[in-house]
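**Student:** File query_36.txt below, compact mmCIF, C-alpha atoms and all ligand atoms:
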# COMPACT_ATOMS: atom_id res chain seq x y z
CA MET A 247 42.57 4.42 -7.09
CA LYS A 248 39.37 3.81 -9.05
CA THR A 249 35.96 4.00 -7.39
CA VAL A 250 33.24 1.39 -7.63
CA TYR A 251 29.62 2.16 -6.79
CA THR A 252 26.88 -0.23 -5.86
CA CYS A 253 23.48 0.37 -4.28
CA PHE A 254 21.94 -1.80 -1.56
CA CYS A 255 18.48 -1.92 -0.02
CA THR A 256 18.66 -5.27 1.73
CA ASP A 257 18.02 -5.76 5.46
CA ILE A 258 20.13 -8.88 5.73
CA ILE A 259 23.42 -9.64 4.08
CA HIS A 260 23.76 -13.08 2.52
CA GLU A 261 26.52 -14.63 0.44
CA GLY A 262 25.05 -13.16 -2.77
CA HIS A 263 25.64 -9.62 -1.47
CA LEU A 264 29.07 -10.49 -0.05
CA ASN A 265 30.08 -11.85 -3.43
CA ILE A 266 29.03 -8.62 -5.16
CA ILE A 267 31.14 -6.56 -2.74
CA LYS A 268 34.11 -8.91 -3.08
CA GLN A 269 33.96 -8.77 -6.87
CA ALA A 270 33.49 -4.99 -6.78
CA SER A 271 36.56 -4.52 -4.58
CA LYS A 272 38.73 -6.01 -7.33
CA TYR A 273 38.03 -2.89 -9.44
CA GLY A 274 38.75 -0.23 -6.80
CA LYS A 275 37.46 1.22 -3.56
CA VAL A 276 33.86 0.27 -2.94
CA ILE A 277 31.21 2.86 -2.12
CA ILE A 278 27.78 1.54 -1.19
CA GLY A 279 24.68 3.66 -1.68
CA ALA A 280 22.06 2.84 0.94
CA LEU A 281 18.69 3.34 -0.71
CA SER A 282 16.36 5.53 1.36
CA ASP A 283 13.17 4.06 2.82
CA GLU A 284 11.09 6.52 0.76
CA ALA A 285 12.63 5.22 -2.46
CA LEU A 286 12.79 1.52 -1.72
CA ILE A 287 9.14 1.16 -0.70
CA ARG A 288 8.12 2.19 -4.21
CA TYR A 289 9.27 -1.15 -5.62
CA ASN A 290 10.66 -3.38 -2.92
CA ARG A 291 9.14 -4.91 0.17
CA PHE A 292 8.99 -2.77 3.31
CA PRO A 293 12.23 -2.78 5.32
CA THR A 294 12.29 -4.81 8.52
CA VAL A 295 15.04 -2.68 10.08
CA SER A 296 15.49 1.09 10.24
CA PHE A 297 17.49 3.04 7.70
CA ASP A 298 20.18 3.77 10.33
CA GLU A 299 20.53 0.08 11.07
CA ARG A 300 20.97 -0.62 7.37
CA LEU A 301 23.66 2.06 7.15
CA LYS A 302 25.48 0.56 10.11
CA LEU A 303 25.19 -2.92 8.63
CA TYR A 304 26.68 -1.90 5.28
CA LYS A 305 29.48 0.06 6.97
CA SER A 306 30.50 -3.00 8.94
CA LEU A 307 31.16 -5.08 5.83
CA GLU A 308 34.63 -6.03 4.69
CA HIS A 309 35.93 -4.21 1.55
CA VAL A 310 33.44 -1.34 2.00
CA GLU A 311 35.24 2.01 1.93
CA ASP A 312 32.26 4.30 2.37
CA VAL A 313 28.46 4.25 2.63
CA ILE A 314 26.35 7.13 1.37
CA VAL A 315 22.61 7.75 1.10
CA GLN A 316 20.94 7.18 -2.26
CA LYS A 317 17.68 9.12 -2.05
CA GLU A 318 16.10 8.11 -5.34
CA ILE A 319 15.53 4.77 -7.06
CA MET A 320 17.19 6.02 -10.23
CA TYR A 321 20.96 6.35 -9.94
CA ASP A 322 21.67 9.36 -12.18
CA ASN A 323 21.74 12.02 -9.46
CA VAL A 324 23.93 10.07 -7.09
CA LEU A 325 26.25 9.04 -9.92
CA SER A 326 26.68 12.69 -10.88
CA VAL A 327 27.95 13.37 -7.35
CA ILE A 328 30.20 10.33 -6.97
CA ARG A 329 31.28 9.97 -10.59
CA PRO A 330 32.46 6.39 -10.12
CA ASP A 331 34.64 4.51 -12.60
CA TYR A 332 32.47 1.44 -12.23
CA VAL A 333 28.93 0.62 -11.24
CA VAL A 334 28.43 -2.92 -10.02
CA HIS A 335 25.13 -4.78 -9.78
CA GLY A 336 23.84 -8.35 -9.77
CA LYS A 337 22.50 -9.61 -13.10
CA ASN A 338 19.06 -10.03 -11.52
CA TRP A 339 17.99 -6.49 -12.51
CA SER A 340 17.73 -7.19 -16.23
CA ILE A 341 14.16 -8.43 -16.00
CA GLY A 342 10.90 -6.88 -14.80
CA PRO A 343 10.44 -3.28 -13.66
CA MET A 344 14.02 -3.12 -12.32
CA LYS A 345 15.16 -3.03 -15.94
CA ALA A 346 14.30 0.70 -15.88
CA ILE A 347 16.90 1.26 -13.16
CA ARG A 348 19.49 -0.59 -15.20
CA ASN A 349 18.66 1.54 -18.25
CA ASN A 350 19.04 4.69 -16.17
CA VAL A 351 22.55 3.60 -15.09
CA ILE A 352 23.60 2.63 -18.61
CA GLU A 353 22.37 5.96 -19.97
CA TRP A 354 24.39 7.89 -17.36
CA LEU A 355 27.53 5.81 -17.96
CA ASN A 356 27.23 6.26 -21.74
CA LYS A 357 27.00 10.02 -21.31
CA ASN A 358 29.57 10.50 -18.58
CA GLY A 359 31.97 7.57 -18.93
CA GLY A 360 32.40 4.57 -16.67
CA GLU A 361 31.63 0.92 -16.94
CA LEU A 362 28.82 -1.33 -15.78
CA ILE A 363 29.94 -4.63 -14.24
CA GLU A 364 27.16 -7.18 -13.84
CA ILE A 365 27.79 -10.08 -11.55
CA ASP A 366 26.03 -13.41 -11.37
CA TYR A 367 23.60 -13.06 -8.51
CA THR A 368 24.00 -16.09 -6.30
CA TYR A 369 20.59 -16.80 -4.89
CA SER A 370 21.53 -19.91 -2.97
CA GLU A 371 19.16 -22.01 -0.94
CA ASN A 372 20.39 -20.22 2.16
CA ALA A 373 19.72 -16.78 0.61
CA GLN A 374 16.23 -17.89 -0.37
CA LYS A 375 15.61 -19.10 3.16
CA ILE A 376 16.67 -15.74 4.58
CA ASP A 377 14.35 -13.99 2.13
CA LYS A 378 11.42 -16.12 3.21
CA ILE A 379 12.12 -15.41 6.87
CA LEU A 380 12.02 -11.67 6.11
CA VAL A 381 8.69 -11.96 4.30
CA GLU A 382 7.26 -13.99 7.17
CA LYS A 383 8.47 -11.37 9.62
CA LEU A 384 6.74 -8.59 7.67
CA SER A 385 3.45 -10.47 7.76
CA MET A 386 3.46 -10.96 11.54
CA PRO A 387 0.80 -8.89 13.35
CA GLU A 388 3.25 -6.76 15.34
CA TYR A 389 5.09 -5.72 12.16
CA ARG A 390 2.12 -5.38 9.84
CA ARG A 391 -0.12 -3.47 12.26
CA LYS A 392 2.23 -0.50 12.72
CA ARG A 393 3.10 -0.21 9.05
CA LEU A 394 0.26 2.15 8.12
CA ARG A 395 1.57 4.71 10.60
CA GLN A 396 5.09 4.18 9.21
CA LEU A 397 3.83 4.69 5.66
CA LEU A 398 2.09 7.92 6.65
CA GLU A 399 5.51 9.22 7.72
CA LEU A 400 7.20 8.11 4.52
CA CYS A 401 4.75 8.71 1.68
CA PRO A 402 3.39 11.96 0.26
CA ILE A 403 0.15 9.94 -0.17
CA VAL A 404 -0.48 6.34 0.86
CA LYS A 405 -2.03 4.35 -2.01
CA VAL A 406 -4.51 1.68 -1.02
CA LEU A 407 -6.08 -0.95 -3.28
CA GLU A 408 -9.23 -2.93 -2.53
CA ALA A 409 -8.74 -6.65 -1.88
CA HIS A 410 -11.45 -9.21 -1.17
CA SER A 411 -9.65 -12.55 -1.47
CA GLY A 412 -6.22 -14.13 -1.39
CA LEU A 413 -5.93 -13.62 -5.14
CA THR A 414 -6.79 -9.91 -5.13
CA GLY A 415 -4.51 -9.58 -2.09
CA LEU A 416 -1.70 -10.98 -4.22
CA ILE A 417 -2.41 -8.38 -6.91
CA ALA A 418 -2.19 -5.58 -4.33
CA GLU A 419 0.92 -7.14 -2.84
CA LYS A 420 2.93 -7.94 -5.94
CA THR A 421 2.03 -5.49 -8.69
CA VAL A 422 4.96 -3.19 -9.48
CA VAL A 423 5.02 -1.00 -12.56
CA GLU A 424 7.57 1.10 -14.33
CA HIS A 425 6.19 4.22 -15.99
CA GLU A 426 8.09 7.22 -17.33
CA GLY A 427 11.23 6.20 -15.45
CA LYS A 428 9.48 5.73 -12.12
CA LEU A 429 8.64 2.54 -10.27
CA ASP A 430 5.52 2.23 -8.19
CA GLN A 431 3.38 -0.14 -6.18
CA PHE A 432 0.44 -0.03 -3.77
CA ASP A 433 1.17 0.57 -0.10
CA ALA A 434 -1.79 -1.05 1.61
CA MET A 435 -5.10 -2.91 1.14
CA TRP A 436 -8.71 -1.92 1.74
CA ILE A 437 -11.25 -4.52 2.80
CA SER A 438 -14.31 -2.88 1.34
CA SER A 439 -17.77 -3.70 2.70
CA LEU A 440 -19.16 -3.21 -0.81
CA CYS A 441 -16.78 -5.68 -2.43
CA ASP A 442 -16.73 -8.15 0.45
CA SER A 443 -20.53 -8.24 0.12
CA THR A 444 -20.60 -8.25 -3.69
CA VAL A 445 -18.30 -11.30 -4.02
CA ARG A 446 -20.81 -13.13 -1.85
CA GLY A 447 -23.71 -11.90 -4.00
CA LYS A 448 -25.05 -9.95 -1.02
CA PRO A 449 -26.10 -6.28 -0.66
CA ASP A 450 -23.81 -3.82 1.16
CA ILE A 451 -26.05 -3.38 4.22
CA GLU A 452 -23.92 -4.83 7.03
CA LEU A 453 -25.44 -8.20 6.20
CA VAL A 454 -22.10 -9.97 5.86
CA ASP A 455 -21.23 -10.55 9.51
CA MET A 456 -17.96 -9.82 11.25
CA SER A 457 -16.89 -13.49 11.32
CA SER A 458 -17.07 -13.59 7.51
CA ARG A 459 -15.23 -10.28 7.21
CA LEU A 460 -12.48 -11.62 9.49
CA ARG A 461 -12.27 -14.76 7.34
CA THR A 462 -11.65 -12.54 4.28
CA ILE A 463 -8.95 -10.65 6.16
CA ASP A 464 -7.33 -13.90 7.24
CA ASP A 465 -7.31 -15.26 3.66
CA ILE A 466 -5.58 -12.07 2.52
CA MET A 467 -3.14 -12.02 5.41
CA GLU A 468 -2.03 -15.56 4.69
CA VAL A 469 -0.53 -14.56 1.35
CA THR A 470 0.48 -10.91 1.80
CA THR A 471 2.57 -8.60 3.99
CA LYS A 472 1.07 -5.17 3.26
CA PRO A 473 -1.00 -3.36 5.88
CA ILE A 474 -4.77 -3.64 5.96
CA ILE A 475 -7.48 -1.03 6.47
CA LEU A 476 -10.89 -2.49 7.24
CA ASP A 477 -14.09 -0.82 6.13
CA GLY A 478 -15.93 -1.26 9.44
CA ASP A 479 -19.27 0.13 8.17
CA THR A 480 -21.00 1.85 11.12
CA GLY A 481 -18.92 -0.08 13.64
CA GLY A 482 -22.18 -1.51 14.99
CA MET A 483 -23.09 -1.02 18.63
CA ALA A 484 -20.32 0.56 20.72
CA GLU A 485 -20.61 -2.39 23.10
CA HIS A 486 -19.73 -4.76 20.22
CA PHE A 487 -17.26 -2.43 18.52
CA VAL A 488 -14.81 -2.61 21.44
CA TYR A 489 -14.53 -6.39 21.10
CA ASN A 490 -13.95 -6.12 17.38
CA ILE A 491 -11.19 -3.57 17.93
CA ARG A 492 -9.33 -6.08 20.09
CA THR A 493 -9.77 -8.81 17.48
CA LEU A 494 -8.56 -6.62 14.63
CA GLU A 495 -5.56 -5.44 16.61
CA ARG A 496 -4.62 -8.98 17.55
CA MET A 497 -4.83 -10.06 13.90
CA GLY A 498 -2.51 -7.27 12.80
CA VAL A 499 -5.01 -5.04 10.98
CA SER A 500 -3.69 -1.45 10.94
CA ALA A 501 -6.88 0.58 10.91
CA VAL A 502 -10.63 0.44 10.88
CA ILE A 503 -12.76 3.14 9.28
CA ILE A 504 -16.23 3.58 10.73
CA GLU A 505 -18.88 5.82 9.22
CA ASP A 506 -21.24 8.11 11.12
CA LYS A 507 -24.44 6.43 10.02
CA THR A 508 -27.03 4.65 12.09
CA GLY A 509 -29.85 2.20 11.47
CA LEU A 510 -29.87 0.18 8.26
CA LYS A 511 -26.67 1.20 6.49
CA LYS A 512 -26.78 1.54 2.70
CA ASN A 513 -23.82 2.13 0.42
CA SER A 514 -22.80 5.80 0.35
CA LEU A 515 -22.74 5.94 -3.42
CA PHE A 516 -26.56 5.78 -3.35
CA GLY A 517 -26.51 9.13 -1.48
CA ASN A 518 -30.04 10.38 -0.78
CA GLU A 519 -31.57 8.11 -3.42
CA VAL A 520 -32.18 5.70 -0.52
CA LYS A 521 -33.06 6.42 3.10
CA GLN A 522 -29.88 6.78 5.14
CA THR A 523 -29.58 8.31 8.59
CA GLN A 524 -26.52 10.07 9.93
CA ASP A 525 -25.64 9.37 13.54
CA ASN A 526 -25.52 12.34 15.90
CA ILE A 527 -22.15 13.71 16.96
CA GLU A 528 -22.52 12.67 20.57
CA ASN A 529 -23.29 9.00 19.81
CA PHE A 530 -20.56 8.70 17.25
CA CYS A 531 -17.99 10.32 19.55
CA PHE A 532 -19.01 7.86 22.25
CA LYS A 533 -18.26 4.98 19.86
CA ILE A 534 -14.87 6.43 18.90
CA LYS A 535 -13.94 6.97 22.55
CA ALA A 536 -15.01 3.44 23.50
CA GLY A 537 -12.91 2.01 20.65
CA LYS A 538 -9.85 4.05 21.58
CA LYS A 539 -10.19 2.98 25.19
CA ALA A 540 -10.37 -0.69 24.21
CA GLN A 541 -7.28 -0.52 22.02
CA LEU A 542 -4.15 -2.08 23.49
CA THR A 543 -1.37 -0.92 21.14
CA GLU A 544 -0.22 2.49 19.95
CA ASP A 545 -0.17 1.19 16.38
CA PHE A 546 -3.83 0.66 15.61
CA MET A 547 -5.86 3.50 14.10
CA ILE A 548 -9.57 4.26 14.33
CA ILE A 549 -10.54 6.51 11.45
CA ALA A 550 -13.85 8.38 11.52
CA ARG A 551 -15.73 8.64 8.24
CA ILE A 552 -17.97 11.61 7.73
CA GLU A 553 -21.08 11.19 5.60
CA SER A 554 -22.27 14.83 5.67
CA LEU A 555 -21.41 15.49 2.02
CA ILE A 556 -22.95 12.20 0.86
CA LEU A 557 -26.19 13.10 2.65
CA GLU A 558 -25.99 16.74 1.50
CA HIS A 559 -25.73 18.22 4.98
CA GLY A 560 -23.04 20.65 3.89
CA ILE A 561 -19.39 21.39 4.52
CA ASN A 562 -19.94 23.16 7.82
CA ASP A 563 -21.60 20.08 9.25
CA ALA A 564 -18.71 17.95 7.95
CA LEU A 565 -16.13 20.27 9.54
CA LYS A 566 -17.96 20.42 12.86
CA ARG A 567 -18.01 16.65 12.95
CA ALA A 568 -14.36 16.33 11.92
CA TYR A 569 -13.17 18.48 14.83
CA ALA A 570 -15.47 16.66 17.26
CA TYR A 571 -14.33 13.22 16.09
CA VAL A 572 -10.65 14.17 16.38
CA GLU A 573 -11.35 15.53 19.85
CA ALA A 574 -12.97 12.19 20.73
CA GLY A 575 -9.74 10.43 19.74
CA ALA A 576 -10.12 9.57 16.04
CA ASP A 577 -6.70 8.91 14.47
CA GLY A 578 -7.84 10.04 11.05
CA ILE A 579 -10.78 11.48 9.13
CA MET A 580 -12.29 10.04 5.98
CA ILE A 581 -14.35 12.50 4.01
CA HIS A 582 -16.57 11.03 1.33
CA SER A 583 -18.38 12.55 -1.62
CA ARG A 584 -20.24 11.23 -4.63
CA LYS A 585 -19.80 14.33 -6.76
CA GLU A 586 -17.91 13.95 -10.01
CA LYS A 587 -15.81 17.01 -9.24
CA PRO A 588 -13.57 17.11 -6.16
CA ASP A 589 -14.50 20.73 -5.26
CA GLU A 590 -16.38 19.99 -2.03
CA ILE A 591 -13.72 17.51 -0.92
CA PHE A 592 -10.98 20.08 -1.52
CA GLU A 593 -12.96 22.82 0.23
CA PHE A 594 -13.39 20.55 3.24
CA CYS A 595 -9.69 19.57 3.31
CA ASP A 596 -8.42 23.13 2.87
CA ASP A 597 -10.66 24.37 5.69
CA PHE A 598 -9.86 21.44 7.99
CA ARG A 599 -6.13 21.91 7.46
CA LYS A 600 -6.37 25.56 8.59
CA ASN A 601 -6.98 24.28 12.13
CA ASN A 602 -5.58 20.80 11.99
CA LYS A 603 -2.27 20.20 10.25
CA HIS A 604 -1.58 16.57 11.10
CA THR A 605 -4.61 14.32 11.46
CA PRO A 606 -4.50 12.05 8.40
CA ILE A 607 -7.25 12.64 5.83
CA VAL A 608 -8.54 9.71 3.77
CA VAL A 609 -10.50 9.91 0.51
CA VAL A 610 -12.17 7.40 -1.80
CA PRO A 611 -12.23 8.99 -5.26
CA THR A 612 -14.69 6.60 -6.92
CA SER A 613 -16.86 9.45 -8.25
CA PHE A 614 -14.28 12.23 -8.54
CA ASN A 615 -12.03 9.87 -10.47
CA SER A 616 -10.28 12.37 -12.73
CA VAL A 617 -8.15 13.79 -9.91
CA LYS A 618 -4.61 12.49 -9.67
CA GLU A 619 -2.87 11.56 -6.43
CA GLU A 620 -0.52 14.53 -6.51
CA GLU A 621 -3.43 16.97 -6.50
CA LEU A 622 -5.10 15.11 -3.63
CA ALA A 623 -1.85 15.35 -1.65
CA SER A 624 -1.58 19.07 -2.37
CA HIS A 625 -4.87 19.54 -0.44
CA GLY A 626 -3.48 17.77 2.60
CA ILE A 627 -4.93 14.34 1.80
CA ASN A 628 -2.77 11.50 3.16
CA ILE A 629 -4.49 8.28 2.08
CA VAL A 630 -6.23 7.47 -1.19
CA ILE A 631 -8.35 4.32 -1.41
CA TYR A 632 -9.18 2.71 -4.75
CA ALA A 633 -12.17 1.02 -3.18
CA ASN A 634 -13.85 -1.17 -5.80
CA GLN A 635 -12.06 -1.02 -9.16
CA LEU A 636 -10.63 -4.57 -9.02
CA ILE A 637 -14.02 -6.19 -8.68
CA ARG A 638 -15.60 -3.81 -11.19
CA SER A 639 -12.98 -4.76 -13.76
CA ALA A 640 -13.25 -8.49 -13.02
CA PHE A 641 -17.03 -8.67 -13.31
CA PRO A 642 -17.43 -7.55 -16.95
CA ALA A 643 -14.50 -9.75 -17.95
CA MET A 644 -16.06 -12.82 -16.31
CA LEU A 645 -19.50 -12.05 -17.72
CA ASP A 646 -18.06 -11.71 -21.21
CA THR A 647 -16.26 -15.05 -20.86
CA ALA A 648 -19.45 -16.79 -19.74
CA LYS A 649 -21.39 -15.32 -22.69
CA LYS A 650 -18.71 -16.23 -25.25
CA ILE A 651 -18.64 -19.86 -24.09
CA LEU A 652 -22.43 -20.04 -24.48
CA ILE A 653 -22.24 -18.49 -27.93
CA ASN A 654 -19.31 -20.53 -29.28
CA HIS A 655 -19.84 -23.83 -27.45
CA ARG A 656 -16.07 -23.95 -26.85
CA THR A 657 -13.35 -21.80 -25.27
CA LYS A 658 -10.78 -21.49 -28.07
CA ASP A 659 -12.27 -18.13 -29.15
CA ILE A 660 -11.52 -16.45 -25.83
CA GLU A 661 -8.21 -18.13 -25.05
CA ASP A 662 -6.18 -15.00 -25.94
CA LYS A 663 -8.06 -13.02 -23.26
CA LEU A 664 -7.31 -15.58 -20.55
CA LEU A 665 -4.39 -15.67 -18.15
CA PRO A 666 -2.16 -18.56 -19.16
CA ILE A 667 -2.31 -21.38 -16.63
CA LYS A 668 1.45 -21.19 -16.10
CA ASP A 669 1.11 -17.53 -15.03
CA ILE A 670 -1.45 -18.46 -12.40
CA ILE A 671 0.86 -21.11 -11.09
CA SER A 672 3.79 -18.68 -10.84
CA LEU A 673 1.62 -16.03 -9.14
CA ILE A 674 1.05 -18.31 -6.21
CA ASP A 675 4.07 -19.05 -4.03
CA GLU A 676 4.66 -22.49 -2.66
CA LEU A 677 6.22 -22.97 0.73
C1 LIG B 1 -16.72 0.48 0.39
O1 LIG B 1 -15.81 0.25 -0.39
O2 LIG B 1 -17.47 -0.39 0.82
C2 LIG B 1 -16.96 1.85 0.88
C3 LIG B 1 -16.62 2.98 0.03
O3 LIG B 1 -17.52 1.99 1.95
S1 LIG B 1 -18.05 3.40 -0.85
O4 LIG B 1 -18.52 2.23 -1.56
O5 LIG B 1 -17.69 4.49 -1.73
O6 LIG B 1 -19.05 3.85 0.13
MG MG B 2 -18.40 0.28 2.71
What would the structure in this file look like if it were written as structure tokens?
Ligand code: SPV
Ligand code: MG

**Tutor:**
Amino acid sequence: MKTVYTCFCTDIIHEGHLNIIKQASKYGKVIIGALSDEALIRYNRFPTVSFDERLKLYKSLEHVEDVIVQKEIMYDNVLSVIRPDYVVHGKNWSIGPMKAIRNNVIEWLNKNGGELIEIDYTYSENAQKIDKILVEKLSMPEYRRKRLRQLLELCPIVKVLEAHSGLTGLIAEKTVVEHEGKLDQFDAMWISSLCDSTVRGKPDIELVDMSSRLRTIDDIMEVTTKPIILDGDTGGMAEHFVYNIRTLERMGVSAVIIEDKTGLKKNSLFGNEVKQTQDNIENFCFKIKAGKKAQLTEDFMIIARIESLILEHGINDALKRAYAYVEAGADGIMIHSRKEKPDEIFEFCDDFRKNNKHTPIVVVPTSFNSVKEEELASHGINIVIYANQLIRSAFPAMLDTAKKILINHRTKDIEDKLLPIKDIISLIDEL
């Protein structure tokens, strides 16, 4: 009997999937590969059920002979083990980044023998409805809030992109790329105080109040499902911070990062060029403890950001603070630096990891921007935040457009640099 292989990563089976299995069974015994969580989150939406539940679901289906684990997005390794006579897939993978997966399968089949059967993917109204329900479910506070902790378990390094509006949220949510045979997307979003202030034409000095920050978060949440980390600046007074923790938790935010500064906060990238005061350990620990006490769920994270390197107080001061903040209950440590080289960041991480293996470490490599994620992860860093690059790329583009219109007295000359109107329309989903 011939074998037929197909790979699934869906949480819910609709008639489109059942049709694929039925068609596949006509060619031989059907083996389903259940794509691992680690692999599927690199290009698909986050699963709403556990991997074991997915396995059980696929096993229960009619015509399915066996279900195995497919660990990687690309099929070649699993195909070399199973050596099927046929690979079956819906025709929907011929466009977009998924094309790379298709190419990988075709290449393997050409080399090793076997045939690719592509089946019309029936995406009926009912299937679309199910899909929408899943997306809605992922965006609900109880699902979204815990996702950062889930990602920390799954990813070698969690990749976070700054978002400051519904539109930038959509970019963080939907951008998937294929590069050198790998698919990738961002895992979470960062609501930067710098960018949230800049889009309002305001300085980054805790001037934009919490109500406005929450409005930004809400705009983003309305159109996305990915988890959110809020830049909470200094956290304000401990007596206010506790109320904000409750609000953020209730909204479904996954984490807040507060920095150990006091008085008028200025952006860290100014360093000692402006007057900035670091809070003392005792006060800051009090704030962390108060926040942790106010928190109602296990999901939410309070991450303590250490400004010792920014203010040139040295690595020992940073380490002393890190241990104290963890002791006070911090769920993670962000260590910041404005040096172009990552040496002091790596020294801090290597030292911290000697005594603390598990507390997540967060970095914002705006200045030390030549380091790649893999190297960050090799020093025990768990979360990387690209904190301001979207707005920094948008600003020069907008300025250039404004200038060119003034110069040319028309817009024809810049049309090729502009997003076609039809692309904007397709970016934004309608209910
Ligand atoms: C932000 O994005 O607002 C941050 C990171 O706090 S930094 O600007 O590097 O201080
Ligand atoms: Mg900030």

**Student:** Using all atoms listed in the file, which residues have at least one atom no more than 7 Å from ligand LIG 1 (chain B)? Output them as a list in words.

**Tutor:**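 Going residue by residue within 7 Å of ligand LIG 1 (chain B), we get Ser438, Ser439, Leu440, Cys441, Asp477, Asp479, Asn513, Ser514, Leu515, Val610, Thr612, Ala633 and Asn634 of chain A.
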
**Student:** Could you list the protein, DNA and RNA residues that have any atom within 12 Å of ligand MG 2 (chain B), counting all atoms listed in the file, and write them as a PyMOL selection string?

**Tutor:** chain A and resi 408+436-444+449-454+459+475-481+502-507+511-516+551+553+580+582+610+631+633-634

**Student:** Compile the contact shell of segment 369-378 of chain A as a PyMOL selection string: residues with an atom at most 8 Å away, counting all atoms listed in the file, same-chain residues fewer than 3 positions apart removed.

**Tutor:** chain A and resi 258+260-262+381-382

**Student:** Could you tell me how far atom CA of Leu394 of chain A sits from atom CA of Phe594 of chain A, in Å to one decimal place?

**Tutor:**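 Between these atoms lies a distance of 23.4 Å.
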
**Student:** Name all residues at most 9 Å from Tyr304 of chain A (count only C-alpha atoms; drop same-chain ones fewer than 5 positions away) and give them as a ChimeraX atom specification.

**Tutor:** /A:254,259,278,280,299,310,312-313

**Student:** Now that the selection is made, can you save its residues with C-alpha atoms as a short mmCIF file (atom, residue, chain, number, x, y, z; two decimals), in the frame of the given file?

**Tutor:**
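So the final result, stored in result_30.cif, reads:
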data_model
loop_
_atom_site.label_atom_id
_atom_site.label_comp_id
_atom_site.auth_asym_id
_atom_site.auth_seq_id
_atom_site.Cartn_x
_atom_site.Cartn_y
_atom_site.Cartn_z
CA PHE A 254 21.94 -1.80 -1.56
CA ILE A 259 23.42 -9.64 4.08
CA ILE A 278 27.78 1.54 -1.19
CA ALA A 280 22.06 2.84 0.94
CA GLU A 299 20.53 0.08 11.07
CA VAL A 310 33.44 -1.34 2.00
CA ASP A 312 32.26 4.30 2.37
CA VAL A 313 28.46 4.25 2.63
#

**Student:** Can you tell me which residues surround Gln269 of chain A at a distance of at most 9 Å, considering all atoms listed in the file, apart from same-chain residues fewer than 4 positions away, and format the answer as a ChimeraX atom specification?

**Tutor:** /A:264-265,273,334,365

**Student:** Residues within 10 Å of Asn350 of chain A, please, as a ChimeraX atom specification. Count all atoms listed in the file; anything in the same chain fewer than 3 positions from it doesn't count.

**Tutor:** /A:319-322,345-347,353-355,427

**Student:** Kindly export the residues of the current selection with C-alpha atoms, as a PDB file, keeping the file's coordinate frame.

**Tutor:**
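The new file selection_37.pdb reads:
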ATOM      1  CA  ILE A 319      15.530   4.770  -7.060  1.00  0.00           C
ATOM      2  CA  MET A 320      17.190   6.020 -10.230  1.00  0.00           C
ATOM      3  CA  TYR A 321      20.960   6.350  -9.940  1.00  0.00           C
ATOM      4  CA  ASP A 322      21.670   9.360 -12.180  1.00  0.00           C
ATOM      5  CA  LYS A 345      15.160  -3.030 -15.940  1.00  0.00           C
ATOM      6  CA  ALA A 346      14.300   0.700 -15.880  1.00  0.00           C
ATOM      7  CA  ILE A 347      16.900   1.260 -13.160  1.00  0.00           C
ATOM      8  CA  GLU A 353      22.370   5.960 -19.970  1.00  0.00           C
ATOM      9  CA  TRP A 354      24.390   7.890 -17.360  1.00  0.00           C
ATOM     10  CA  LEU A 355      27.530   5.810 -17.960  1.00  0.00           C
ATOM     11  CA  GLY A 427      11.230   6.200 -15.450  1.00  0.00           C
TER      12      GLY A 427
END

**Student:** When you draw a straight line from atom CA of Arg599 of chain A to atom CA of Ala568 of chain A, how long is it in Å?

**Tutor:**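 Separation of atom CA of Arg599 of chain A and atom CA of Ala568 of chain A: 10.9 Å.
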
**Student:** One decimal, Å: what's the distance from atom CA of Ile591 of chain A over to atom CA of Leu398 of chain A, could you say?

**Tutor:** 20.0 Å

**Student:** Skip Cys531 of chain A itself and residues of its chain fewer than 5 positions away, then list as number ranges by chain all residues within 8 Å of it, counting all atoms listed in the file.

**Tutor:** A: 570-571, 574

**Student:** When distances are computed from all atoms listed in the file, which of A:Ser613, A:Ser296, A:Asn356, A:Thr543 shows the smallest separation from Ala501 of chain A?

**Tutor:**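 Under the stated criterion, the closest residue is A:Thr543.
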
**Student:** With 8 Å as the threshold, what does the neighbourhood of (31.3, 1.7, -7.0) contain in terms of residues, counting all atoms listed in the file? Coordinates are those of the file; answer as an MDAnalysis selection string.

**Tutor:** chainID A and resid 249:252 270 274:278 330:334

**Student:** Compare A:Tyr632, A:Phe546, A:Phe532, A:Tyr367 by their minimum atom-to-atom distance to Tyr389 of chain A, counting only C-alpha atoms, and give me the closest one.

**Tutor:**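 Of A:Tyr632, A:Phe546, A:Phe532, A:Tyr367, the one nearest Tyr389 of chain A is A:Phe546, counting only C-alpha atoms.
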
**Student:** Which is closer to His263 of chain A than all the others in A:Arg461, A:Lys357, A:Lys405, A:His335, using all atoms listed in the file?

**Tutor:** A:His335

**Student:** As lines of an AutoDock Vina configuration file, please: the centre and edge lengths in Å, to one decimal, of an axis-aligned box enclosing every listed atom of segment 612-619 of chain A with 6 Å added on each side.

**Tutor:**
center_x = -9.9
center_y = 10.2
center_z = -9.6
size_x = 26.0
size_y = 19.2
size_z = 18.3
